[in-house]
Amino acid sequence: QVQLVESGGGSVQAGGSLRLSCAASGSADSLACIFWFRQVPGKGREGVAKIYVATGQSYYTNSVKGRFTISHEKPENTVYLRMNSLYPEDTAMYYCAAATPANCGSLFSVRRDSIYWGQGTQVTVSS
């Protein structure tokens with residue numbers, strides 16, 4: 001089992017920055033990839049960023065490319081999402097998720113019930 005705990009959310013004005021953290025514990029060494037998803041009320045969960053922990057290869061949804069950076073600090077088993085130049089449309093609940101090699105899927109297409117999820121952290125961007 002893996003436990004994921006997010007932190008770092010909050011309220012910020014448009015153009016501002018936040019850094020989200022996701023600390024993994026338990027069988028964290030079994031993880032191959034870690035994601036950040038986000039969700040607003042009434043909409044589905046959207047993949048934002050993904051990183052493969054062995055290689056550091058990262059992927060982003062188009063709307064955040066050039067503004068968000070995902071990184072992995074192996075000794076701490078922590079993944080960060082640095083968010084710059086935030087827009088009001090970035091407002092959402094942000095969830096960290098992690099998967100073993102068999103469940104990393106293709107980009108953000110994963111079986112949601114086959115990966116580990118954190119409890120979420122709220123990001124609110126005001127105009």
# chains A, B, ... in the order shown; residues from 1 in each chain; ligands from 1
>>> residues_around(residues="A:Asn62", least_positions_apart="3", cutoff="9 Å", atoms="only C-alpha atoms", output="VMD selection string")
chain A and resid 48 65 to 66
>>> write_last_selection(atoms="all heavy atoms", output="short mmCIF file (atom, residue, chain, number, x, y, z; two decimals), in the first residue's frame")
data_model
loop_
_atom_site.label_atom_id
_atom_site.label_comp_id
_atom_site.auth_asym_id
_atom_site.auth_seq_id
_atom_site.Cartn_x
_atom_site.Cartn_y
_atom_site.Cartn_z
N VAL A 48 -2.94 16.74 -15.36
CA VAL A 48 -2.19 17.98 -15.48
C VAL A 48 -0.73 17.71 -15.80
O VAL A 48 -0.16 18.32 -16.71
CB VAL A 48 -2.30 18.79 -14.18
CG1 VAL A 48 -1.43 20.04 -14.24
CG2 VAL A 48 -3.75 19.16 -13.90
N LYS A 65 1.55 23.80 -20.13
CA LYS A 65 2.93 23.73 -20.63
C LYS A 65 3.58 25.11 -20.58
O LYS A 65 2.99 26.11 -20.98
CB LYS A 65 2.94 23.18 -22.06
CG LYS A 65 2.72 21.69 -22.15
CD LYS A 65 2.73 21.22 -23.60
CE LYS A 65 2.47 19.72 -23.68
NZ LYS A 65 2.42 19.25 -25.09
N GLY A 66 4.80 25.12 -20.08
CA GLY A 66 5.53 26.38 -19.95
C GLY A 66 5.24 27.13 -18.66
O GLY A 66 5.93 28.10 -18.34
#
>>> select_by_dssp(residues="chain A", states="strand (DSSP E or B)", output="ChimeraX atom specification")
/A:2-7,10-13,18-26,33-39,46-52,58-60,68-73,78-83,92-99,106,109,116-117,121-126
>>> residues_around(residues="stretch 5-15 of chain A", least_positions_apart="6", cutoff="6 Å", atoms="only C-alpha atoms", output="list in words")
Ser21, Cys22, Ala23, Ser85, Leu86, Tyr87, Gly118, Thr121, Gln122, Val123, Thr124, Val125, Ser126 and Ser127 of chain A
>>> atom_distance(atom1="atom CA of A:Leu107", atom2="atom CA of A:Ala92")
20.3 Å
>>> atom_distance(atom1="atom CA of A:Val40", atom2="atom CA of A:Tyr95")
11.3 Å
>>> select_by_dssp(residues="stretch 6-114 of chain A", states="helix (DSSP H, G or I)", output="number ranges by chain")
A: 28-30, 62-64, 88-90, 101-103, 112-114
>>> atom_distance(atom1="atom CA of A:Tyr60", atom2="atom CA of A:Ile115")
18.6 Å
>>> residues_around(residues="A:Val110", least_positions_apart="3", cutoff="12 Å", atoms="only C-alpha atoms", output="list in words")
Cys33, Ile34, Phe35, Phe37, Arg45, Glu46, Gly47, Lys50, Ala97, Ala98, Ala99, Thr100, Pro101, Ala102, Asn103, Cys104, Gly105, Ser106, Leu107, Asp113, Ser114, Ile115 and Tyr116 of chain A
>>> residues_around(residues="A:Asp29", least_positions_apart="5", cutoff="10 Å", atoms="only C-alpha atoms", output="PyMOL selection string")
chain A and resi 2+24+53+74+77+100
>>> write_last_selection(atoms="C-alpha atoms", output="tab-separated table (two decimals), in the first residue's frame")
chain	number	residue	atom	x	y	z
A	2	VAL	CA	1.01	3.56	-0.68
A	24	ALA	CA	4.56	9.26	-0.63
A	53	VAL	CA	10.40	8.46	-11.26
A	74	LYS	CA	13.74	10.64	-4.58
A	77	ASN	CA	9.77	10.36	-1.91
A	100	THR	CA	3.10	0.90	-10.18
